[in-house]
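Novice: Sending over final.cif (mmCIF, C-alpha atoms and all ligand atoms).
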```
data_coords
loop_
_atom_site.label_atom_id
_atom_site.label_comp_id
_atom_site.auth_asym_id
_atom_site.auth_seq_id
_atom_site.Cartn_x
_atom_site.Cartn_y
_atom_site.Cartn_z
CA MET A 1 20.41 -31.59 22.24
CA LYS A 2 22.26 -34.74 21.27
CA ALA A 3 25.50 -33.29 22.58
CA GLY A 4 23.73 -32.65 25.86
CA ILE A 5 22.64 -36.26 26.14
CA SER A 6 26.10 -37.52 25.22
CA SER A 7 27.70 -35.44 27.91
CA PHE A 8 24.96 -36.56 30.26
CA CYS A 9 25.78 -40.21 29.57
CA ALA A 10 29.47 -39.50 29.70
CA ALA A 11 28.95 -37.97 33.09
CA LEU A 12 27.08 -41.09 34.16
CA ALA A 13 29.93 -43.24 32.91
CA LEU A 14 32.48 -41.15 34.78
CA ALA A 15 30.36 -41.41 37.89
CA ALA A 16 30.66 -45.21 37.59
CA THR A 17 26.90 -45.65 37.29
CA PRO A 18 25.84 -48.97 35.67
CA LEU A 19 26.27 -48.44 31.92
CA TYR A 20 23.06 -50.13 30.81
CA GLY A 21 21.25 -47.03 31.98
CA CYS A 22 22.79 -45.20 29.07
CA ALA A 23 23.22 -47.94 26.50
CA ALA A 24 19.64 -48.00 25.30
CA PRO A 25 19.23 -44.23 25.02
CA GLN A 26 22.46 -44.01 23.02
CA HIS A 27 21.00 -46.27 20.36
CA ASP A 28 17.97 -44.06 20.28
CA LEU A 29 20.09 -41.01 19.61
CA ASN A 30 20.80 -42.31 16.11
CA THR A 31 17.14 -42.55 15.22
CA THR A 32 14.39 -40.00 14.88
CA SER A 33 13.76 -37.02 17.08
CA PRO A 34 10.44 -38.24 18.57
CA VAL A 35 12.40 -41.11 20.13
CA ASP A 36 14.90 -38.50 21.25
CA SER A 37 12.33 -36.83 23.43
CA SER A 38 11.92 -40.05 25.44
CA VAL A 39 15.60 -40.12 26.28
CA PRO A 40 15.46 -37.81 29.29
CA ALA A 41 12.65 -39.97 30.73
CA ALA A 42 14.75 -43.07 30.25
CA GLY A 43 17.66 -41.34 31.90
CA HIS A 44 15.46 -40.28 34.72
CA GLU A 45 14.24 -43.84 35.27
CA ALA A 46 17.87 -44.90 35.63
CA GLY A 47 17.52 -43.52 39.10
CA ASP A 48 20.01 -40.66 38.98
CA THR A 49 18.50 -38.26 41.40
CA SER A 50 21.92 -36.96 42.31
CA THR A 51 23.85 -33.75 41.76
CA ALA A 52 25.15 -32.50 38.38
CA ASN A 53 23.10 -34.92 36.29
CA ASN A 54 20.09 -32.69 36.65
CA THR A 55 21.76 -29.97 34.63
CA PRO A 56 21.98 -31.74 31.24
CA MET A 57 18.49 -33.08 31.72
CA GLY A 58 17.26 -29.57 32.21
CA LYS A 59 18.62 -28.70 28.78
CA GLU A 60 16.20 -31.12 27.20
CA GLY A 61 13.34 -28.82 28.09
CA PRO A 62 13.81 -26.46 25.13
CA GLY A 63 14.07 -29.48 22.83
CA ALA A 64 10.59 -30.63 23.77
CA GLY A 65 9.36 -27.10 23.32
CA MET A 66 10.54 -27.03 19.74
CA SER A 67 8.14 -29.75 18.68
CA GLY A 68 5.38 -27.46 19.93
CA THR A 69 6.70 -24.71 17.71
CA GLY A 70 6.59 -27.06 14.75
CA ALA A 71 2.94 -27.82 15.36
CA GLY A 72 2.23 -24.10 15.51
CA GLY A 73 3.79 -23.46 12.09
CA PRO A 74 1.10 -24.93 9.86
CA ALA A 75 -1.66 -23.44 12.00
CA ALA A 76 -0.26 -19.95 11.43
CA GLY A 77 -0.40 -20.42 7.65
CA GLY A 78 -3.95 -21.79 7.65
CA PRO A 79 -6.32 -19.06 8.83
CA GLY A 80 -6.33 -15.52 7.50
CA ASP A 81 -6.79 -16.62 3.90
CA THR A 82 -9.98 -15.11 2.48
CA SER A 83 -12.54 -16.91 0.37
CA GLY A 84 -11.32 -14.94 -2.63
CA ALA A 85 -14.11 -12.37 -2.44
CA LYS A 86 -13.02 -8.86 -3.29
CA GLN A 87 -14.61 -5.59 -2.28
CA VAL A 88 -13.93 -2.00 -3.21
CA VAL A 89 -15.59 0.82 -1.31
CA VAL A 90 -15.50 4.03 -3.31
CA THR A 91 -16.00 7.33 -1.51
CA LEU A 92 -18.05 9.76 -3.55
CA ASP A 93 -17.04 13.38 -3.08
CA PRO A 94 -18.94 16.51 -4.10
CA ARG A 95 -18.04 18.26 -7.36
CA SER A 96 -19.27 21.27 -9.34
CA GLY A 97 -20.40 23.04 -6.18
CA SER A 98 -22.71 20.28 -4.94
CA LYS A 99 -23.02 19.11 -1.34
CA MET A 100 -23.51 15.44 -2.08
CA THR A 101 -21.46 12.66 -0.53
CA GLY A 102 -21.80 8.90 -0.58
CA THR A 103 -20.30 5.53 -1.27
CA ALA A 104 -20.29 3.02 -4.09
CA THR A 105 -19.50 -0.51 -2.91
CA PHE A 106 -18.46 -3.15 -5.42
CA THR A 107 -18.28 -6.74 -4.15
CA THR A 108 -17.55 -10.00 -5.95
CA GLU A 109 -20.29 -12.57 -5.43
CA GLY A 110 -19.47 -15.80 -7.20
CA ASN A 111 -18.81 -14.86 -10.81
CA LYS A 112 -20.75 -11.62 -10.42
CA VAL A 113 -20.06 -8.18 -9.03
CA ASP A 114 -22.68 -6.54 -6.82
CA LEU A 115 -22.85 -2.76 -6.67
CA THR A 116 -24.62 -0.66 -4.06
CA ILE A 117 -24.55 3.13 -4.25
CA GLU A 118 -25.74 5.31 -1.37
CA VAL A 119 -25.78 9.10 -1.52
CA ARG A 120 -26.61 11.89 0.90
CA GLY A 121 -27.03 15.60 0.47
CA ALA A 122 -27.88 15.29 -3.20
CA PRO A 123 -30.55 17.30 -5.06
CA ALA A 124 -33.87 15.47 -5.20
CA GLY A 125 -34.63 13.91 -8.55
CA VAL A 126 -33.03 11.63 -11.11
CA HIS A 127 -29.26 11.53 -11.60
CA ALA A 128 -27.22 9.58 -14.11
CA VAL A 129 -24.52 7.31 -12.70
CA HIS A 130 -21.65 6.11 -14.86
CA ILE A 131 -18.23 4.59 -14.59
CA HIS A 132 -15.89 6.99 -16.35
CA GLU A 133 -12.62 6.08 -18.01
CA HIS A 134 -10.02 7.78 -15.81
CA GLY A 135 -9.57 7.12 -12.10
CA ASP A 136 -9.05 10.83 -11.58
CA CYS A 137 -11.51 13.03 -9.71
CA THR A 138 -9.07 15.85 -9.01
CA SER A 139 -10.70 18.60 -11.03
CA SER A 140 -13.47 20.62 -9.38
CA ASP A 141 -15.95 19.62 -12.10
CA ALA A 142 -14.73 16.00 -12.29
CA GLU A 143 -13.97 16.43 -15.98
CA SER A 144 -10.62 14.87 -15.13
CA ALA A 145 -12.41 11.51 -15.08
CA GLY A 146 -12.77 11.72 -18.87
CA GLY A 147 -15.57 10.12 -20.88
CA HIS A 148 -17.47 6.93 -20.17
CA TRP A 149 -15.54 3.74 -19.51
CA ASN A 150 -16.30 1.78 -22.68
CA PRO A 151 -13.87 -1.12 -23.12
CA THR A 152 -16.21 -2.97 -25.49
CA LYS A 153 -16.43 0.04 -27.84
CA GLU A 154 -20.21 0.12 -27.92
CA ALA A 155 -22.59 3.06 -28.34
CA HIS A 156 -23.97 4.71 -25.19
CA GLY A 157 -27.30 3.27 -24.06
CA LYS A 158 -29.34 1.68 -21.33
CA TRP A 159 -27.82 -1.22 -19.41
CA GLY A 160 -29.11 -4.49 -20.88
CA ASP A 161 -30.21 -3.00 -24.20
CA SER A 162 -28.59 -3.95 -27.50
CA ALA A 163 -25.77 -1.43 -27.09
CA TYR A 164 -24.37 0.24 -23.99
CA HIS A 165 -21.09 1.03 -22.30
CA LEU A 166 -19.83 -1.17 -19.46
CA GLY A 167 -19.90 2.11 -17.53
CA ASP A 168 -23.58 2.82 -18.23
CA ILE A 169 -24.89 2.06 -14.74
CA GLY A 170 -28.14 3.97 -15.13
CA ASN A 171 -30.18 6.45 -13.12
CA LEU A 172 -30.28 7.02 -9.38
CA THR A 173 -33.39 8.56 -7.83
CA VAL A 174 -32.74 10.88 -4.91
CA ASN A 175 -35.53 11.47 -2.38
CA ALA A 176 -36.66 14.82 -0.98
CA ASP A 177 -34.36 14.27 2.01
CA GLY A 178 -31.32 14.09 -0.24
CA THR A 179 -30.73 10.36 0.09
CA GLY A 180 -30.86 7.76 -2.61
CA THR A 181 -29.72 4.22 -3.29
CA LEU A 182 -29.06 2.14 -6.37
CA SER A 183 -28.22 -1.56 -6.53
CA MET A 184 -27.28 -3.84 -9.38
CA SER A 185 -25.48 -7.10 -10.03
CA THR A 186 -23.68 -8.16 -13.18
CA ASP A 187 -21.33 -10.79 -14.53
CA LYS A 188 -19.93 -8.26 -16.99
CA TRP A 189 -17.49 -6.69 -14.51
CA THR A 190 -14.52 -8.03 -12.58
CA ILE A 191 -12.52 -6.57 -9.69
CA GLY A 192 -8.74 -6.45 -9.74
CA THR A 193 -8.29 -9.00 -12.53
CA GLY A 194 -6.46 -6.70 -14.90
CA GLN A 195 -8.83 -7.84 -17.62
CA ASN A 196 -10.67 -5.62 -20.06
CA ASN A 197 -13.71 -5.53 -17.77
CA ASP A 198 -11.81 -4.74 -14.54
CA ILE A 199 -13.58 -1.80 -12.89
CA THR A 200 -10.56 -0.73 -10.85
CA GLY A 201 -8.64 2.29 -12.04
CA HIS A 202 -11.79 4.04 -13.26
CA ALA A 203 -14.18 6.46 -11.53
CA VAL A 204 -17.83 6.51 -10.46
CA VAL A 205 -19.50 9.77 -11.53
CA ILE A 206 -22.90 11.15 -10.50
CA HIS A 207 -24.50 13.74 -12.79
CA THR A 208 -26.84 16.64 -12.15
CA LYS A 209 -29.43 15.27 -14.58
CA GLY A 210 -30.81 11.90 -15.57
CA ASP A 211 -29.45 9.83 -18.42
CA ASP A 212 -31.75 9.82 -21.47
CA PHE A 213 -30.06 6.59 -22.63
CA LYS A 214 -30.02 7.94 -26.19
CA SER A 215 -27.84 11.00 -26.58
CA GLN A 216 -24.28 10.22 -27.61
CA PRO A 217 -21.83 9.76 -26.19
CA ALA A 218 -23.03 10.25 -22.61
CA GLY A 219 -26.81 10.54 -22.27
CA ALA A 220 -27.03 14.33 -21.94
CA ALA A 221 -26.71 14.07 -18.17
CA GLY A 222 -25.15 17.46 -17.58
CA THR A 223 -22.51 18.46 -15.11
CA ARG A 224 -20.81 16.08 -12.69
CA ILE A 225 -21.86 16.57 -9.08
CA GLY A 226 -20.10 13.61 -7.47
CA CYS A 227 -17.00 11.57 -8.18
CA GLY A 228 -14.99 8.74 -6.64
CA VAL A 229 -12.04 6.70 -7.83
CA ILE A 230 -12.43 2.91 -7.90
CA GLN A 231 -9.27 1.65 -6.26
CA ARG A 232 -8.43 -1.30 -4.03
CA LYS A 233 -6.98 -0.31 -0.69
CU CU A 301 -21.15 10.14 -16.70
#
```
Is it possible to express this structure as structure tokens?

Specialist:
Amino acid sequence: MKAGISSFCAALALAATPLYGCAAPQHDLNTTSPVDSSVPAAGHEAGDTSTANNTPMGKEGPGAGMSGTGAGGPAAGGPGDTSGAKQVVVTLDPRSGSKMTGTATFTTEGNKVDLTIEVRGAPAGVHAVHIHEHGDCTSSDAESAGGHWNPTKEAHGKWGDSAYHLGDIGNLTVNADGTGTLSMSTDKWTIGTGQNNDITGHAVVIHTKGDDFKSQPAGAAGTRIGCGVIQRK
């Protein structure tokens, strides 16, 4: 850009144009680039409407365009950043010969995690729901998910009682049409933090029976009819 202006002025000098037309812009060349962008205008005002001088001036066009690119840079980095909220949608798949399907959606809300479970095609009645230790639903009976997720090493129980596992979600009631929902919110879980209470890497399990909240270590809830791994996409 500067070389272009120099050759532009040199061309003016060679063309025996009055030198003051170039003197001022040449001083400007040693200063900042915003002043630089005014140079072509100054050159233009010098009255050179003739011939080859238009060519170097044309080269200034891309220079002006670059300042536009600079303004675009920060804008590109600004949007697209989320508020920090995290969500994991777990797909629940049928196990042990059941026909149930569904989702378990975990979402951070402030310092809490909200959970909503929705199932379809499940047997009517009460079904225990737990977070189990292993994020592995590969076996046909979901036994691959292991026992209850219990990072605090407590006895099994009812959520909110004196002792319970962090995976002791509770019971889900399924209607006659096979649908059911369960919602809860807690500050005892985190998502993707890598901390002791991080729910990711474990599995949501639905059982054929309800949880009695007493029997150890898992509430006598029977076989596992649904399973989904809690993993961030
Ligand atoms: Cu369970």

Novice: Of the residues A:Gly147, A:Lys214, A:Ile117, A:Val129, which is the one nearest to Ala163 of chain A, using only C-alpha atoms?

Specialist: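 Comparing A:Gly147, A:Lys214, A:Ile117, A:Val129 against Ala163 of chain A, the winner is A:Lys214.
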
Novice: For ligand CU 301 (chain A), which of A:Thr179, A:Thr223, A:Thr193, A:Thr186 is the closest residue, counting only C-alpha atoms and all ligand atoms?

Specialist: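 The shortest atom-to-atom distance to ligand CU 301 (chain A) comes from A:Thr223.
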
Novice: Please compute the atom CA of Lys158 of chain A-atom CA of Val89 of chain A distance, one decimal, in Å.

Specialist: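 Atom CA of Val89 of chain A lies at a distance of 24.3 Å from atom CA of Lys158 of chain A.
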
Novice: Select from chain A every residue with an atom at most 12 Å from any atom of ligand CU 301 (chain A), then for each give the shortest pair of atoms and their distance in Å to one decimal, using all atoms listed in the file, rows by chain and rising number, as JSON lines.

Specialist:
```
{"residue": "A:His127", "atom": "CA", "partner": "A:CU301", "partner_atom": "CU", "distance": 9.7}
{"residue": "A:Ala128", "atom": "CA", "partner": "A:CU301", "partner_atom": "CU", "distance": 6.6}
{"residue": "A:Val129", "atom": "CA", "partner": "A:CU301", "partner_atom": "CU", "distance": 5.9}
{"residue": "A:His130", "atom": "CA", "partner": "A:CU301", "partner_atom": "CU", "distance": 4.5}
{"residue": "A:Ile131", "atom": "CA", "partner": "A:CU301", "partner_atom": "CU", "distance": 6.6}
{"residue": "A:His132", "atom": "CA", "partner": "A:CU301", "partner_atom": "CU", "distance": 6.1}
{"residue": "A:Glu133", "atom": "CA", "partner": "A:CU301", "partner_atom": "CU", "distance": 9.5}
{"residue": "A:His134", "atom": "CA", "partner": "A:CU301", "partner_atom": "CU", "distance": 11.4}
{"residue": "A:Asp141", "atom": "CA", "partner": "A:CU301", "partner_atom": "CU", "distance": 11.8}
{"residue": "A:Ala142", "atom": "CA", "partner": "A:CU301", "partner_atom": "CU", "distance": 9.7}
{"residue": "A:Glu143", "atom": "CA", "partner": "A:CU301", "partner_atom": "CU", "distance": 9.6}
{"residue": "A:Ser144", "atom": "CA", "partner": "A:CU301", "partner_atom": "CU", "distance": 11.6}
{"residue": "A:Ala145", "atom": "CA", "partner": "A:CU301", "partner_atom": "CU", "distance": 9.0}
{"residue": "A:Gly146", "atom": "CA", "partner": "A:CU301", "partner_atom": "CU", "distance": 8.8}
{"residue": "A:Gly147", "atom": "CA", "partner": "A:CU301", "partner_atom": "CU", "distance": 7.0}
{"residue": "A:His148", "atom": "CA", "partner": "A:CU301", "partner_atom": "CU", "distance": 6.0}
{"residue": "A:Trp149", "atom": "CA", "partner": "A:CU301", "partner_atom": "CU", "distance": 9.0}
{"residue": "A:Asn150", "atom": "CA", "partner": "A:CU301", "partner_atom": "CU", "distance": 11.4}
{"residue": "A:His156", "atom": "CA", "partner": "A:CU301", "partner_atom": "CU", "distance": 10.5}
{"residue": "A:Gly157", "atom": "CA", "partner": "A:CU301", "partner_atom": "CU", "distance": 11.8}
{"residue": "A:His165", "atom": "CA", "partner": "A:CU301", "partner_atom": "CU", "distance": 10.7}
{"residue": "A:Leu166", "atom": "CA", "partner": "A:CU301", "partner_atom": "CU", "distance": 11.7}
{"residue": "A:Gly167", "atom": "CA", "partner": "A:CU301", "partner_atom": "CU", "distance": 8.2}
{"residue": "A:Asp168", "atom": "CA", "partner": "A:CU301", "partner_atom": "CU", "distance": 7.9}
{"residue": "A:Ile169", "atom": "CA", "partner": "A:CU301", "partner_atom": "CU", "distance": 9.1}
{"residue": "A:Gly170", "atom": "CA", "partner": "A:CU301", "partner_atom": "CU", "distance": 9.5}
{"residue": "A:Asn171", "atom": "CA", "partner": "A:CU301", "partner_atom": "CU", "distance": 10.4}
{"residue": "A:His202", "atom": "CA", "partner": "A:CU301", "partner_atom": "CU", "distance": 11.7}
{"residue": "A:Ala203", "atom": "CA", "partner": "A:CU301", "partner_atom": "CU", "distance": 9.4}
{"residue": "A:Val204", "atom": "CA", "partner": "A:CU301", "partner_atom": "CU", "distance": 7.9}
{"residue": "A:Val205", "atom": "CA", "partner": "A:CU301", "partner_atom": "CU", "distance": 5.4}
{"residue": "A:Ile206", "atom": "CA", "partner": "A:CU301", "partner_atom": "CU", "distance": 6.5}
{"residue": "A:His207", "atom": "CA", "partner": "A:CU301", "partner_atom": "CU", "distance": 6.3}
{"residue": "A:Thr208", "atom": "CA", "partner": "A:CU301", "partner_atom": "CU", "distance": 9.8}
{"residue": "A:Lys209", "atom": "CA", "partner": "A:CU301", "partner_atom": "CU", "distance": 10.0}
{"residue": "A:Gly210", "atom": "CA", "partner": "A:CU301", "partner_atom": "CU", "distance": 9.9}
{"residue": "A:Asp211", "atom": "CA", "partner": "A:CU301", "partner_atom": "CU", "distance": 8.5}
{"residue": "A:Asp212", "atom": "CA", "partner": "A:CU301", "partner_atom": "CU", "distance": 11.6}
{"residue": "A:Phe213", "atom": "CA", "partner": "A:CU301", "partner_atom": "CU", "distance": 11.3}
{"residue": "A:Ser215", "atom": "CA", "partner": "A:CU301", "partner_atom": "CU", "distance": 12.0}
{"residue": "A:Gln216", "atom": "CA", "partner": "A:CU301", "partner_atom": "CU", "distance": 11.4}
{"residue": "A:Pro217", "atom": "CA", "partner": "A:CU301", "partner_atom": "CU", "distance": 9.5}
{"residue": "A:Ala218", "atom": "CA", "partner": "A:CU301", "partner_atom": "CU", "distance": 6.2}
{"residue": "A:Gly219", "atom": "CA", "partner": "A:CU301", "partner_atom": "CU", "distance": 8.0}
{"residue": "A:Ala220", "atom": "CA", "partner": "A:CU301", "partner_atom": "CU", "distance": 8.9}
{"residue": "A:Ala221", "atom": "CA", "partner": "A:CU301", "partner_atom": "CU", "distance": 7.0}
{"residue": "A:Gly222", "atom": "CA", "partner": "A:CU301", "partner_atom": "CU", "distance": 8.4}
{"residue": "A:Thr223", "atom": "CA", "partner": "A:CU301", "partner_atom": "CU", "distance": 8.6}
{"residue": "A:Arg224", "atom": "CA", "partner": "A:CU301", "partner_atom": "CU", "distance": 7.2}
{"residue": "A:Ile225", "atom": "CA", "partner": "A:CU301", "partner_atom": "CU", "distance": 10.0}
{"residue": "A:Gly226", "atom": "CA", "partner": "A:CU301", "partner_atom": "CU", "distance": 9.9}
{"residue": "A:Cys227", "atom": "CA", "partner": "A:CU301", "partner_atom": "CU", "distance": 9.6}
{"residue": "A:Gly228", "atom": "CA", "partner": "A:CU301", "partner_atom": "CU", "distance": 11.9}
```

Novice: What separation in Å, quoted to one decimal, exists between atom CA of Pro94 of chain A and atom CA of Ser185 of chain A?

Specialist: 25.2 Å

Novice: As an exercise, work out the distance from atom CA of Leu92 of chain A to atom CA of Asn175 of chain A in Å and give it to one decimal place.

Specialist: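 Separation between atom CA of Leu92 of chain A and atom CA of Asn175 of chain A: 17.6 Å.
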
Novice: With distances taken over all atoms listed in the file, which residue among A:Ala104, A:Ala176, A:Leu182, A:Ile199 lies nearest Gly125 of chain A?

Specialist: A:Ala176

Novice: Could you check which of A:Lys233, A:Lys112, A:Thr181, A:Asp136 is closest to Asn197 of chain A, using only C-alpha atoms?

Specialist: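 Of all the options, A:Lys112 lies closest to Asn197 of chain A.
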
Novice: Which of these residues is nearest to Ile191 of chain A, using only C-alpha atoms: A:Thr105, A:Ser139, A:Gln87, A:Ser98?

Specialist: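 Between A:Thr105, A:Ser139, A:Gln87, A:Ser98, the residue approaching Ile191 of chain A most closely is A:Gln87.
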
Novice: From the options A:Gly201, A:Pro151, A:Gly178, A:Gly194, which residue's atoms come nearest to Gly102 of chain A, counting only C-alpha atoms?

Specialist: A:Gly178

Novice: Since the input is missing atoms for segment 195-218 of chain A, could you rebuild it with N, CA and C atoms and give the result as a PDB file, in the coordinates of the input?

Specialist:
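Written file, part.pdb:
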```
ATOM      1  N   GLN A 195      -8.203  -7.563 -16.335  1.00  0.00           N
ATOM      2  CA  GLN A 195      -8.830  -7.840 -17.620  1.00  0.00           C
ATOM      3  C   GLN A 195      -9.516  -6.586 -18.170  1.00  0.00           C
ATOM      4  N   ASN A 196      -9.995  -6.717 -19.385  1.00  0.00           N
ATOM      5  CA  ASN A 196     -10.670  -5.620 -20.060  1.00  0.00           C
ATOM      6  C   ASN A 196     -11.855  -5.067 -19.264  1.00  0.00           C
ATOM      7  N   ASN A 197     -12.497  -5.932 -18.494  1.00  0.00           N
ATOM      8  CA  ASN A 197     -13.710  -5.530 -17.770  1.00  0.00           C
ATOM      9  C   ASN A 197     -13.446  -5.268 -16.277  1.00  0.00           C
ATOM     10  N   ASP A 198     -12.176  -5.048 -15.929  1.00  0.00           N
ATOM     11  CA  ASP A 198     -11.810  -4.740 -14.540  1.00  0.00           C
ATOM     12  C   ASP A 198     -12.209  -3.287 -14.222  1.00  0.00           C
ATOM     13  N   ILE A 199     -13.079  -3.147 -13.226  1.00  0.00           N
ATOM     14  CA  ILE A 199     -13.580  -1.800 -12.890  1.00  0.00           C
ATOM     15  C   ILE A 199     -12.554  -0.930 -12.177  1.00  0.00           C
ATOM     16  N   THR A 200     -11.516  -1.545 -11.615  1.00  0.00           N
ATOM     17  CA  THR A 200     -10.560  -0.730 -10.850  1.00  0.00           C
ATOM     18  C   THR A 200      -9.738   0.160 -11.782  1.00  0.00           C
ATOM     19  N   GLY A 201      -9.412   1.325 -11.259  1.00  0.00           N
ATOM     20  CA  GLY A 201      -8.640   2.290 -12.040  1.00  0.00           C
ATOM     21  C   GLY A 201      -9.527   3.272 -12.788  1.00  0.00           C
ATOM     22  N   HIS A 202     -10.839   3.129 -12.617  1.00  0.00           N
ATOM     23  CA  HIS A 202     -11.790   4.040 -13.260  1.00  0.00           C
ATOM     24  C   HIS A 202     -12.483   4.874 -12.165  1.00  0.00           C
ATOM     25  N   ALA A 203     -13.542   5.589 -12.527  1.00  0.00           N
ATOM     26  CA  ALA A 203     -14.180   6.460 -11.530  1.00  0.00           C
ATOM     27  C   ALA A 203     -15.699   6.367 -11.639  1.00  0.00           C
ATOM     28  N   VAL A 204     -16.359   6.425 -10.485  1.00  0.00           N
ATOM     29  CA  VAL A 204     -17.830   6.510 -10.460  1.00  0.00           C
ATOM     30  C   VAL A 204     -18.193   7.995 -10.479  1.00  0.00           C
ATOM     31  N   VAL A 205     -19.091   8.369 -11.400  1.00  0.00           N
ATOM     32  CA  VAL A 205     -19.500   9.770 -11.530  1.00  0.00           C
ATOM     33  C   VAL A 205     -21.020   9.880 -11.423  1.00  0.00           C
ATOM     34  N   ILE A 206     -21.474  10.847 -10.628  1.00  0.00           N
ATOM     35  CA  ILE A 206     -22.900  11.150 -10.500  1.00  0.00           C
ATOM     36  C   ILE A 206     -23.144  12.489 -11.220  1.00  0.00           C
ATOM     37  N   HIS A 207     -24.203  12.528 -12.024  1.00  0.00           N
ATOM     38  CA  HIS A 207     -24.500  13.740 -12.790  1.00  0.00           C
ATOM     39  C   HIS A 207     -25.672  14.523 -12.218  1.00  0.00           C
ATOM     40  N   THR A 208     -25.767  15.775 -12.636  1.00  0.00           N
ATOM     41  CA  THR A 208     -26.840  16.640 -12.150  1.00  0.00           C
ATOM     42  C   THR A 208     -28.201  16.276 -12.742  1.00  0.00           C
ATOM     43  N   LYS A 209     -28.176  15.665 -13.924  1.00  0.00           N
ATOM     44  CA  LYS A 209     -29.430  15.270 -14.580  1.00  0.00           C
ATOM     45  C   LYS A 209     -29.471  13.767 -14.822  1.00  0.00           C
ATOM     46  N   GLY A 210     -30.646  13.303 -15.222  1.00  0.00           N
ATOM     47  CA  GLY A 210     -30.810  11.900 -15.570  1.00  0.00           C
ATOM     48  C   GLY A 210     -30.208  11.581 -16.926  1.00  0.00           C
ATOM     49  N   ASP A 211     -29.964  10.319 -17.144  1.00  0.00           N
ATOM     50  CA  ASP A 211     -29.450   9.830 -18.420  1.00  0.00           C
ATOM     51  C   ASP A 211     -30.647   9.549 -19.328  1.00  0.00           C
ATOM     52  N   ASP A 212     -30.629  10.090 -20.555  1.00  0.00           N
ATOM     53  CA  ASP A 212     -31.750   9.820 -21.470  1.00  0.00           C
ATOM     54  C   ASP A 212     -31.553   8.521 -22.249  1.00  0.00           C
ATOM     55  N   PHE A 213     -30.414   7.890 -22.023  1.00  0.00           N
ATOM     56  CA  PHE A 213     -30.060   6.590 -22.630  1.00  0.00           C
ATOM     57  C   PHE A 213     -30.000   6.633 -24.157  1.00  0.00           C
ATOM     58  N   LYS A 214     -30.045   7.820 -24.733  1.00  0.00           N
ATOM     59  CA  LYS A 214     -30.020   7.940 -26.190  1.00  0.00           C
ATOM     60  C   LYS A 214     -28.901   8.843 -26.686  1.00  0.00           C
ATOM     61  N   SER A 215     -28.812  10.027 -26.085  1.00  0.00           N
ATOM     62  CA  SER A 215     -27.840  11.000 -26.580  1.00  0.00           C
ATOM     63  C   SER A 215     -26.426  10.443 -26.501  1.00  0.00           C
ATOM     64  N   GLN A 216     -25.665  10.678 -27.563  1.00  0.00           N
ATOM     65  CA  GLN A 216     -24.280  10.220 -27.610  1.00  0.00           C
ATOM     66  C   GLN A 216     -23.333  11.389 -27.346  1.00  0.00           C
ATOM     67  N   PRO A 217     -22.242  11.107 -26.650  1.00  0.00           N
ATOM     68  CA  PRO A 217     -21.830   9.760 -26.190  1.00  0.00           C
ATOM     69  C   PRO A 217     -22.145   9.500 -24.723  1.00  0.00           C
ATOM     70  N   ALA A 218     -22.955  10.392 -24.068  1.00  0.00           N
ATOM     71  CA  ALA A 218     -23.030  10.250 -22.610  1.00  0.00           C
ATOM     72  C   ALA A 218     -24.411  10.473 -22.000  1.00  0.00           C
TER      73      ALA A 218
END
```
